[in-house]
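File shown here: my_file.cif, holding mmCIF, C-alpha atoms.
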data_coords
#
loop_
_atom_site.label_atom_id
_atom_site.label_comp_id
_atom_site.auth_asym_id
_atom_site.auth_seq_id
_atom_site.Cartn_x
_atom_site.Cartn_y
_atom_site.Cartn_z
CA MET A 1 -11.96 -23.54 4.82
CA ALA A 2 -8.38 -24.60 4.21
CA SER A 3 -5.76 -22.33 5.68
CA THR A 4 -2.22 -22.43 6.97
CA PRO A 5 -1.98 -19.89 9.79
CA ALA A 6 1.63 -20.47 10.82
CA PRO A 7 3.27 -19.81 7.42
CA THR A 8 1.02 -16.80 6.90
CA ARG A 9 2.18 -15.30 10.20
CA ALA A 10 5.80 -15.95 9.37
CA ASP A 11 5.41 -14.31 5.96
CA SER A 12 3.62 -11.31 7.43
CA LYS A 13 6.57 -10.50 9.70
CA ALA A 14 9.06 -10.18 6.87
CA PRO A 15 7.74 -6.94 5.37
CA GLN A 16 7.27 -5.47 8.88
CA ALA A 17 10.99 -5.84 9.59
CA ARG A 18 11.90 -4.12 6.35
CA SER A 19 12.06 -0.33 6.34
CA VAL A 20 9.31 1.32 4.33
CA LEU A 21 12.03 3.44 2.71
CA ARG A 22 13.28 0.29 0.96
CA ASP A 23 9.87 -0.48 -0.53
CA PRO A 24 9.82 0.52 -4.25
CA ALA A 25 6.04 0.89 -4.30
CA PHE A 26 6.09 3.28 -1.38
CA LEU A 27 9.05 5.21 -2.76
CA ARG A 28 7.11 5.82 -5.97
CA LEU A 29 4.15 7.05 -3.95
CA TRP A 30 6.45 9.22 -1.82
CA ALA A 31 8.04 10.72 -4.94
CA GLY A 32 4.62 11.57 -6.37
CA THR A 33 3.54 13.16 -3.09
CA THR A 34 6.76 15.18 -2.95
CA ALA A 35 6.24 16.43 -6.51
CA SER A 36 2.68 17.50 -5.70
CA GLY A 37 3.90 19.26 -2.54
CA LEU A 38 6.58 21.17 -4.44
CA ALA A 39 4.05 22.21 -7.07
CA THR A 40 1.53 23.29 -4.44
CA TRP A 41 3.95 25.47 -2.48
CA ALA A 42 5.74 26.86 -5.53
CA LEU A 43 2.62 28.26 -7.24
CA PRO A 44 1.90 31.16 -4.83
CA PHE A 45 5.57 32.12 -4.92
CA VAL A 46 5.69 32.12 -8.73
CA LEU A 47 2.50 34.17 -8.88
CA GLY A 48 4.12 36.58 -6.42
CA LEU A 49 7.01 36.94 -8.87
CA ALA A 50 4.45 37.77 -11.54
CA VAL A 51 3.27 40.66 -9.35
CA LEU A 52 6.86 41.89 -8.97
CA HIS A 53 7.28 41.75 -12.76
CA ARG A 54 3.96 43.59 -13.22
CA ASP A 55 2.43 40.68 -15.15
CA LEU A 56 -0.25 40.41 -12.46
CA SER A 57 -1.70 43.00 -10.09
CA ALA A 58 -1.86 42.51 -6.34
CA ALA A 59 -5.66 42.39 -6.54
CA GLY A 60 -5.40 39.86 -9.36
CA LEU A 61 -3.10 37.71 -7.22
CA GLY A 62 -5.73 37.64 -4.48
CA ILE A 63 -8.43 36.64 -6.97
CA VAL A 64 -6.31 33.87 -8.48
CA LEU A 65 -5.31 32.42 -5.11
CA ALA A 66 -8.91 32.60 -3.88
CA ALA A 67 -10.01 30.70 -7.00
CA ARG A 68 -7.44 28.01 -6.26
CA THR A 69 -8.73 27.67 -2.69
CA ILE A 70 -12.35 27.44 -3.88
CA GLY A 71 -11.37 24.80 -6.44
CA PHE A 72 -9.60 22.83 -3.71
CA LEU A 73 -12.55 22.89 -1.32
CA LEU A 74 -15.07 21.92 -3.99
CA ALA A 75 -12.94 19.07 -5.29
CA VAL A 76 -11.73 17.55 -2.03
CA ALA A 77 -15.19 16.18 -1.17
CA VAL A 78 -15.76 14.96 -4.73
CA GLY A 79 -12.31 13.38 -4.77
CA GLY A 80 -13.05 11.49 -1.56
CA VAL A 81 -16.19 9.94 -3.03
CA LEU A 82 -14.48 9.11 -6.33
CA ALA A 83 -11.47 7.55 -4.57
CA ASP A 84 -13.79 5.22 -2.62
CA ARG A 85 -15.93 4.49 -5.66
CA HIS A 86 -13.13 3.91 -8.16
CA SER A 87 -9.41 3.12 -8.17
CA ARG A 88 -7.46 5.42 -5.86
CA ARG A 89 -4.59 5.28 -8.35
CA ALA A 90 -6.88 6.47 -11.14
CA VAL A 91 -8.07 9.43 -9.06
CA VAL A 92 -4.45 10.42 -8.37
CA LEU A 93 -3.71 10.14 -12.09
CA TRP A 94 -6.61 12.26 -13.34
CA SER A 95 -6.40 14.86 -10.60
CA GLY A 96 -2.67 15.26 -11.23
CA LEU A 97 -3.27 15.59 -14.96
CA ALA A 98 -5.93 18.24 -14.32
CA ALA A 99 -3.52 20.27 -12.19
CA ALA A 100 -0.81 19.81 -14.84
CA ALA A 101 -3.17 21.07 -17.57
CA ALA A 102 -3.79 24.23 -15.53
CA ALA A 103 -0.13 25.27 -15.71
CA PRO A 104 0.03 26.19 -19.43
CA LEU A 105 -3.32 27.96 -19.09
CA LEU A 106 -1.89 30.06 -16.25
CA ALA A 107 1.14 30.85 -18.41
CA ALA A 108 -1.06 31.76 -21.36
CA GLY A 109 -3.17 34.15 -19.29
CA LEU A 110 -0.16 35.82 -17.66
CA GLY A 111 -0.29 39.54 -18.35
CA SER A 112 -3.20 39.20 -20.78
CA SER A 113 -6.27 37.53 -19.25
CA LEU A 114 -7.11 37.52 -15.56
CA ALA A 115 -10.26 35.51 -16.32
CA LEU A 116 -8.19 32.71 -17.91
CA MET A 117 -5.77 32.70 -14.98
CA THR A 118 -8.65 32.57 -12.51
CA ALA A 119 -10.25 29.59 -14.26
CA ALA A 120 -6.86 27.85 -14.52
CA ALA A 121 -6.16 28.43 -10.83
CA ALA A 122 -9.54 26.91 -9.94
CA LEU A 123 -8.62 23.87 -12.07
CA ALA A 124 -5.23 23.61 -10.35
CA GLY A 125 -6.91 23.79 -6.94
CA ALA A 126 -9.41 21.14 -7.98
CA GLY A 127 -6.61 18.79 -9.00
CA GLN A 128 -4.81 19.42 -5.73
CA GLY A 129 -7.97 18.88 -3.69
CA ALA A 130 -9.06 15.69 -5.45
CA CYS A 131 -5.67 14.04 -5.05
CA ARG A 132 -5.32 14.64 -1.29
CA PRO A 133 -7.81 12.02 -0.01
CA ALA A 134 -6.76 9.67 -2.81
CA PHE A 135 -3.10 9.89 -1.76
CA GLN A 136 -4.14 9.26 1.85
CA ALA A 137 -6.09 6.14 0.92
CA LEU A 138 -3.41 4.97 -1.50
CA THR A 139 -0.88 5.06 1.32
CA ALA A 140 -3.05 2.61 3.26
CA GLU A 141 -3.26 0.39 0.18
CA THR A 142 0.48 0.46 -0.45
CA VAL A 143 1.87 0.03 3.08
CA ASP A 144 1.01 -2.70 5.59
CA PRO A 145 -0.41 -1.52 8.94
CA ALA A 146 2.76 -2.12 10.96
CA ARG A 147 4.75 0.36 8.85
CA ARG A 148 2.14 3.05 8.26
CA GLN A 149 3.32 5.37 11.00
CA GLN A 150 6.79 5.34 9.47
CA ALA A 151 5.25 5.87 6.03
CA ASN A 152 3.12 8.79 7.19
CA ALA A 153 6.17 10.35 8.85
CA ALA A 154 8.05 10.06 5.56
CA MET A 155 5.09 11.66 3.77
CA THR A 156 4.98 14.60 6.14
CA LEU A 157 8.76 14.98 5.79
CA ALA A 158 8.13 15.37 2.05
CA VAL A 159 5.46 18.01 2.67
CA ARG A 160 7.55 20.00 5.15
CA SER A 161 10.64 19.76 2.97
CA SER A 162 8.54 21.12 0.11
CA THR A 163 7.48 24.15 2.15
CA LEU A 164 11.15 24.81 2.89
CA ALA A 165 12.66 23.98 -0.49
CA GLY A 166 9.83 24.99 -2.85
CA PRO A 167 10.11 28.78 -2.55
CA ALA A 168 13.92 28.65 -2.27
CA LEU A 169 14.26 26.48 -5.37
CA THR A 170 11.80 28.68 -7.25
CA ALA A 171 13.73 31.82 -6.29
CA LEU A 172 16.93 30.20 -7.53
CA LEU A 173 15.39 29.20 -10.86
CA ALA A 174 13.85 32.65 -11.25
CA ALA A 175 17.35 34.03 -11.78
CA TRP A 176 17.48 32.22 -15.14
CA LEU A 177 13.86 31.53 -16.11
CA ASP A 178 10.90 33.82 -16.68
CA THR A 179 7.59 33.47 -14.85
CA ALA A 180 5.79 31.66 -17.68
CA THR A 181 8.53 29.01 -17.83
CA LEU A 182 8.34 28.53 -14.06
CA LEU A 183 4.59 27.98 -14.35
CA LEU A 184 5.22 25.32 -16.99
CA GLY A 185 7.74 23.73 -14.61
CA ILE A 186 4.97 23.47 -12.00
CA GLY A 187 2.96 21.60 -14.64
CA VAL A 188 5.85 19.14 -15.04
CA LEU A 189 5.83 18.52 -11.28
CA TRP A 190 2.12 17.74 -11.43
CA LEU A 191 2.76 15.34 -14.31
CA ALA A 192 5.24 13.53 -12.09
CA ALA A 193 2.68 13.44 -9.26
CA ALA A 194 0.17 11.91 -11.67
CA LEU A 195 2.41 9.38 -13.40
CA VAL A 196 5.05 8.24 -10.90
CA PRO A 197 2.97 6.50 -8.15
CA GLY A 198 2.15 2.85 -8.71
CA ARG A 199 -0.95 0.87 -7.90
CA GLY A 200 -1.84 0.02 -4.32
CA GLY A 201 -0.11 -3.09 -3.02
CA ALA A 202 -1.40 -6.33 -1.60
CA ALA A 203 -1.08 -5.04 1.97
CA GLY A 204 -3.96 -2.63 1.51
CA ALA A 205 -6.09 -5.18 -0.26
CA ALA A 206 -5.55 -7.66 2.57
CA ALA A 207 -6.45 -5.05 5.17
CA ALA A 208 -9.57 -4.10 3.23
CA SER A 209 -10.74 -7.70 3.06
CA ALA A 210 -9.99 -8.29 6.73
CA ALA A 211 -11.74 -5.15 8.03
CA PRO A 212 -15.50 -5.34 7.55
CA SER A 213 -17.45 -2.17 6.90
CA ALA A 214 -19.83 -1.02 9.60
CA ASP A 215 -22.64 -1.15 7.06
CA ALA A 216 -21.80 -4.60 5.79
CA ASP A 217 -24.23 -7.42 6.50
CA ALA A 218 -23.56 -11.12 6.51
CA ALA A 219 -26.38 -11.75 4.05
CA PRO A 220 -25.62 -14.22 1.27
CA ASP A 221 -25.38 -13.08 -2.33
CA THR A 222 -28.90 -13.27 -3.68
CA GLY A 223 -28.46 -11.81 -7.14
CA PRO A 224 -26.98 -8.96 -9.13
CA ALA A 225 -25.43 -6.12 -7.19
CA ALA A 226 -27.69 -3.16 -6.52
CA PRO A 227 -26.88 0.04 -8.40
CA ARG A 228 -24.50 2.39 -6.66
CA ALA A 229 -25.90 5.16 -4.52
CA GLY A 230 -25.64 8.72 -5.74
CA PHE A 231 -22.86 11.12 -4.86
CA ARG A 232 -24.78 12.76 -2.01
CA ALA A 233 -25.68 9.40 -0.46
CA GLU A 234 -22.10 8.18 -0.64
CA PHE A 235 -20.77 11.41 0.88
CA LEU A 236 -23.29 11.08 3.74
CA GLU A 237 -22.10 7.48 4.15
CA GLY A 238 -18.64 8.88 4.80
CA LEU A 239 -20.09 11.26 7.40
CA ARG A 240 -21.79 8.35 9.15
CA GLU A 241 -18.51 6.46 9.18
CA ALA A 242 -16.77 9.47 10.75
CA ARG A 243 -19.44 9.64 13.47
CA ARG A 244 -18.66 6.05 14.40
CA HIS A 245 -15.31 7.26 15.75
CA PRO A 246 -15.73 9.76 18.62
CA TRP A 247 -11.95 10.28 18.78
CA PHE A 248 -11.99 11.42 15.14
CA LEU A 249 -14.71 14.03 15.63
CA ALA A 250 -13.08 15.30 18.84
CA GLY A 251 -9.63 15.48 17.28
CA LEU A 252 -10.99 17.20 14.18
CA GLY A 253 -12.69 19.81 16.36
CA ALA A 254 -9.42 20.47 18.20
CA LEU A 255 -7.51 20.66 14.92
CA VAL A 256 -9.98 23.17 13.49
CA ALA A 257 -9.61 25.36 16.59
CA VAL A 258 -5.82 25.35 16.30
CA VAL A 259 -5.87 26.04 12.54
CA ALA A 260 -8.65 28.64 12.50
CA LEU A 261 -7.53 30.48 15.65
CA GLY A 262 -3.92 29.69 16.53
CA TYR A 263 -2.45 29.39 13.05
CA SER A 264 -4.51 32.25 11.64
CA ALA A 265 -3.66 34.54 14.57
CA THR A 266 0.06 33.94 14.28
CA SER A 267 -0.04 34.34 10.48
CA VAL A 268 -1.59 37.79 10.84
CA ALA A 269 0.14 38.97 14.03
CA LEU A 270 3.69 37.70 13.50
CA PRO A 271 4.53 40.06 10.58
CA LEU A 272 3.08 43.02 12.52
CA ILE A 273 4.96 42.18 15.73
CA SER A 274 8.17 41.47 13.84
CA ARG A 275 7.95 44.94 12.30
CA ASP A 276 6.52 47.02 15.15
CA ARG A 277 8.01 45.41 18.27
CA TYR A 278 11.36 44.16 17.01
CA GLY A 279 11.88 46.55 14.08
CA THR A 280 13.16 43.84 11.75
CA GLU A 281 11.88 41.21 9.34
CA TRP A 282 14.44 38.77 10.76
CA VAL A 283 12.06 37.56 13.48
CA LEU A 284 9.37 36.75 10.92
CA ALA A 285 11.75 34.79 8.68
CA ALA A 286 13.48 33.02 11.58
CA ALA A 287 10.22 32.03 13.28
CA MET A 288 8.69 30.55 10.11
CA THR A 289 11.92 28.70 9.32
CA ALA A 290 12.06 27.39 12.90
CA TYR A 291 8.47 26.15 12.59
CA THR A 292 9.28 24.16 9.45
CA LEU A 293 12.51 22.76 10.91
CA GLY A 294 10.64 21.85 14.08
CA ALA A 295 8.04 20.02 12.01
CA LEU A 296 10.79 18.09 10.23
CA ALA A 297 12.28 17.13 13.61
CA GLY A 298 8.85 16.10 14.90
CA ALA A 299 8.30 13.86 11.89
CA LEU A 300 11.66 12.17 12.44
CA VAL A 301 10.85 11.57 16.12
CA ILE A 302 7.35 10.21 15.58
CA ALA A 303 8.55 7.84 12.84
CA ARG A 304 9.87 5.62 15.65
CA LEU A 305 8.10 6.84 18.78
CA ARG A 306 5.19 4.66 19.96
CA PRO A 307 3.60 6.22 23.09
CA ARG A 308 1.38 3.90 25.11
CA SER A 309 -1.45 6.46 25.02
CA GLN A 310 -0.93 7.54 21.45
CA GLY A 311 -4.05 9.70 21.18
CA TRP A 312 -3.33 11.68 24.32
CA ALA A 313 0.30 12.18 23.25
CA ALA A 314 -0.84 13.39 19.83
CA LEU A 315 -3.34 15.84 21.34
CA ALA A 316 -0.63 17.13 23.68
CA GLY A 317 1.50 17.78 20.60
CA LEU A 318 -1.38 19.66 18.98
CA ALA A 319 -1.83 21.76 22.14
CA ALA A 320 1.84 22.71 21.96
CA TYR A 321 0.94 25.04 19.10
CA GLY A 322 -0.44 27.39 21.74
CA VAL A 323 3.08 28.46 22.73
CA ALA A 324 3.38 30.28 19.38
CA PRO A 325 0.59 32.86 19.93
CA LEU A 326 1.52 32.96 23.63
CA SER A 327 5.08 34.02 22.76
CA LEU A 328 3.67 37.01 20.86
CA VAL A 329 1.55 38.29 23.74
CA LEU A 330 4.41 39.69 25.86
CA PRO A 331 7.55 41.55 24.73
CA VAL A 332 9.92 38.60 25.14
CA HIS A 333 13.35 38.26 23.54
CA PRO A 334 13.04 37.45 19.82
CA LEU A 335 14.85 34.14 20.34
CA ALA A 336 11.97 33.09 22.62
CA VAL A 337 9.57 33.64 19.73
CA VAL A 338 11.76 31.57 17.41
CA ALA A 339 11.99 28.79 20.01
CA ALA A 340 8.22 28.83 20.51
CA TYR A 341 7.64 28.37 16.80
CA ALA A 342 10.08 25.46 16.75
CA VAL A 343 8.12 23.81 19.59
CA ALA A 344 4.86 24.43 17.71
CA GLY A 345 6.33 22.77 14.60
CA ILE A 346 7.46 19.72 16.56
CA GLY A 347 4.07 19.41 18.22
CA ILE A 348 2.02 19.66 15.04
CA GLU A 349 3.77 16.64 13.53
CA LEU A 350 3.55 14.69 16.79
CA PHE A 351 -0.18 15.07 16.15
CA ASN A 352 -0.40 14.74 12.36
CA VAL A 353 1.41 11.45 11.90
CA PRO A 354 -0.51 9.42 14.55
CA TRP A 355 -3.72 11.12 13.37
CA PHE A 356 -3.28 9.97 9.77
CA THR A 357 -2.11 6.52 10.90
CA ALA A 358 -5.10 6.05 13.20
CA THR A 359 -7.51 7.14 10.46
CA GLN A 360 -6.01 4.59 8.07
CA ARG A 361 -6.23 1.90 10.76
CA GLU A 362 -9.65 2.55 12.27
CA VAL A 363 -11.81 3.77 9.40
CA ALA A 364 -13.48 1.19 7.16
CA PRO A 365 -11.16 0.84 4.12
CA ASP A 366 -13.98 1.39 1.61
CA LYS A 367 -14.80 4.75 3.26
CA LEU A 368 -11.28 5.93 4.07
CA ALA A 369 -10.99 8.50 1.27
CA ARG A 370 -14.34 10.06 2.16
CA VAL A 371 -13.43 10.41 5.84
CA SER A 372 -10.03 11.82 4.87
CA SER A 373 -11.73 14.31 2.56
CA LEU A 374 -13.89 15.44 5.49
CA ASP A 375 -10.69 16.04 7.47
CA PHE A 376 -9.16 18.19 4.71
CA LEU A 377 -12.44 19.93 3.91
CA VAL A 378 -13.11 21.09 7.47
CA SER A 379 -9.55 21.96 8.51
CA TYR A 380 -8.60 23.69 5.25
CA GLY A 381 -12.05 25.18 4.72
CA LEU A 382 -12.18 27.02 8.04
CA ALA A 383 -8.63 28.36 7.84
CA PRO A 384 -9.59 31.22 5.45
CA ALA A 385 -12.47 32.12 7.77
CA GLY A 386 -10.03 32.41 10.66
CA LEU A 387 -7.69 34.58 8.60
CA ALA A 388 -10.59 36.82 7.59
CA LEU A 389 -11.78 37.32 11.18
CA ILE A 390 -8.48 37.72 13.02
CA ALA A 391 -7.49 41.07 11.49
CA PRO A 392 -10.80 42.80 12.35
CA ALA A 393 -10.65 41.27 15.84
CA ILE A 394 -7.15 42.68 16.35
CA ASP A 395 -8.35 46.10 15.19
CA ALA A 396 -11.33 45.96 17.58
CA PHE A 397 -9.77 44.43 20.72
CA GLY A 398 -6.02 44.75 20.30
CA THR A 399 -3.29 42.28 19.44
CA ALA A 400 -2.53 40.95 22.93
CA PRO A 401 -6.13 40.02 23.95
CA VAL A 402 -6.80 38.28 20.63
CA LEU A 403 -3.54 36.32 20.81
CA ALA A 404 -4.24 35.37 24.44
CA VAL A 405 -7.68 34.01 23.52
CA CYS A 406 -6.23 32.09 20.58
CA ALA A 407 -3.47 30.62 22.75
CA ALA A 408 -6.05 29.55 25.34
CA ALA A 409 -8.12 27.87 22.62
CA CYS A 410 -5.04 25.99 21.39
CA PHE A 411 -4.43 24.64 24.90
CA LEU A 412 -8.04 23.96 25.93
CA MET A 413 -9.56 22.40 22.81
CA PRO A 414 -7.09 19.47 22.58
CA ALA A 415 -7.49 18.99 26.35
CA ALA A 416 -11.27 18.79 25.90
CA ALA A 417 -10.82 16.36 23.01
CA ALA A 418 -8.69 14.13 25.27
CA LEU A 419 -11.70 13.69 27.57
CA VAL A 420 -13.78 12.10 24.80
CA PRO A 421 -14.03 8.30 24.99
CA THR A 422 -11.66 6.48 22.60
CA SER A 423 -9.37 9.55 22.32
CA ARG A 424 -6.68 8.04 24.55
CA HIS A 425 -5.55 5.58 21.87
CA PHE A 426 -7.27 7.05 18.77
CA ALA A 427 -9.04 3.72 18.60
CA ARG A 428 -12.40 2.22 19.54
CA THR A 429 -10.60 -0.41 21.62
CA ALA A 430 -7.29 -0.15 23.46
CA PRO A 431 -4.36 -1.79 21.61
CA SER A 432 -3.11 -5.11 22.91
CA ALA A 433 0.30 -5.54 24.49
CA ALA A 434 1.50 -7.14 21.27
CA ASP A 435 0.73 -3.95 19.37
#

Could you take the file, read its structure, and then write that structure out as structure tokens?
Amino acid sequence: MASTPAPTRADSKAPQARSVLRDPAFLRLWAGTTASGLATWALPFVLGLAVLHRDLSAAGLGIVLAARTIGFLLAVAVGGVLADRHSRRAVVLWSGLAAAAAAPLLAAGLGSSLALMTAAAALAGAGQGACRPAFQALTAETVDPARRQQANAAMTLAVRSSTLAGPALTALLAAWLDTATLLLGIGVLWLAAALVPGRGGAAGAAAASAAPSADADAAPDTGPAAPRAGFRAEFLEGLREARRHPWFLAGLGALVAVVALGYSATSVALPLISRDRYGTEWVLAAAMTAYTLGALAGALVIARLRPRSQGWAALAGLAAYGVAPLSLVLPVHPLAVVAAYAVAGIGIELFNVPWFTATQREVAPDKLARVSSLDFLVSYGLAPAGLALIAPAIDAFGTAPVLAVCAAACFLMPAAAALVPTSRHFARTAPSAAD
């Protein structure tokens, strides 16, 4: 086989030296992700405005948001299979268009048909869920491996900025626009998410050809390709791929514990403690703002930080979330609560960015979307269960014991995950000195 290794190596270094923020293909993908993030975080706020304007009841708001969550969870697994079976770009396109189509239906049902709004919210959630694993896999296709950590940090900066700017921007626009118009604006954002990203670049295609699938055999081509397996078989194929990576299963278990216990506990307890212990809503607002700003700072740090034991460092960042429920256990100064939430925000991104980067690096490229969908399905799927159980637990056992247990889980589960083989580097083999 004719090849020219030296020129290829020289060419491969050029894009690595160039910042990912100067790559037009990535910037288009980043813009689409940002638009989807703004649309995702703006919708609950706009629907809340509909409640204030008496176009939607509080009970109706709960039904509509629950329908969106159900649509998300049902579609995220389907989207993972479709994104591995077909073009990731096409899945982003059609899922974004589906979410965009839901916006005028939500506007049409406002104040007149809760059933229409519920169906539209389920469609919006389905579009959001289907695009998540596709965006994750499209990032790996667009960006070469050496720059993926920087790319994932830029992506999480977009998400965190959306959580900060989305509600504020919506509140500003609400001074001039009615709720129906704001819902249509969310549809425009989803159109941008669908249409702006480009196709995956050559970097992802090269990585896909270089990384053999675990199920691939070296058998010669003996005839026409066999028909594709069914949806269930392909989803189970993704589960088998996930099981090949002990670090992934361990990290996912730790993430679920932090989301379902730590995040849910603080979401329920923080408003109560802000009101009852401190007598002001300022602590609630300041703590949530500090969390988002901390996450932004964490993303900026991890864009350049390369710890030698990346997996252990990431799990330590995840464990740092435990300081948030811990700060609510004792009657500390409110600034200590705000500082704890900032630390939790920093830590969560010190975990997220290496986690996404390792998944894109280690998982077989043709199964990446399915494994990513498993990540979103489990972590997002169990969060509502945690929220549903925390309030009754607080009523039964008291706020302090429940928060103490949740804080302990946040510290202990990542520590247990760190003991699993391959967790130290989030890789099946330790990286070389050159890496």

Quiz prompt | Evaluate the PyMOL selection byres ((chain A and resi 106) around 9) and report residues as a PyMOL selection string | solution = chain A and resi 102-105+107-110+116-121+180+183-184

Practice problem: Can you work out the spacing between atom CA of A:Thr280 and atom CA of A:Ser327 in Å, to one decimal? | Solution: 16.8 Å

Exercise. Kindly indicate which residue among A:Leu318, A:Leu29, A:Leu328, A:Leu52 lies nearest to A:Tyr278, using all atoms listed in the file for the distances.
Key: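 Among the listed residues, the smallest separation from A:Tyr278 belongs to A:Leu328.
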
Quiz item: By how many Å are atom CA of A:Ala409 and atom CA of A:Ala254 apart?
Solution: 8.7 Å

Self-check item: Test item: which residues lie within 12 Å of (-2.7, 10.4, 12.7) counting only C-alpha atoms, as number ranges by chain
Solution: A: 136, 148-153, 155-156, 247-248, 251-252, 255, 299, 302-303, 310-315, 317-318, 348-363, 372, 375, 423, 425-427

Exercise. Tell me which protein, DNA and RNA residues are within 12 Å of A:Leu27, counting all atoms listed in the file, leaving out same-chain ones fewer than 4 positions away, and put them as JSON, numbers by chain.
Key: {"A": [19, 20, 21, 22, 23, 31, 32, 33, 34, 139, 142, 143, 151, 154, 155, 158, 196, 197, 198]}

Exercise. Output the residue selection produced by the PyMOL selection byres ((chain A and resi 235) around 10) on the file above, formatted as a VMD selection string.
Key: chain A and resid 77 to 78 80 to 82 84 229 to 234 236 to 241 367 370 to 371 373 to 374

Quiz item: Smallest atom-to-atom distance to A:Pro44: which of A:Thr179, A:Thr422, A:Ser309, A:Ser379, using only C-alpha atoms?
Solution: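 Ranking A:Thr179, A:Thr422, A:Ser309, A:Ser379 by distance to A:Pro44, first place goes to A:Thr179.
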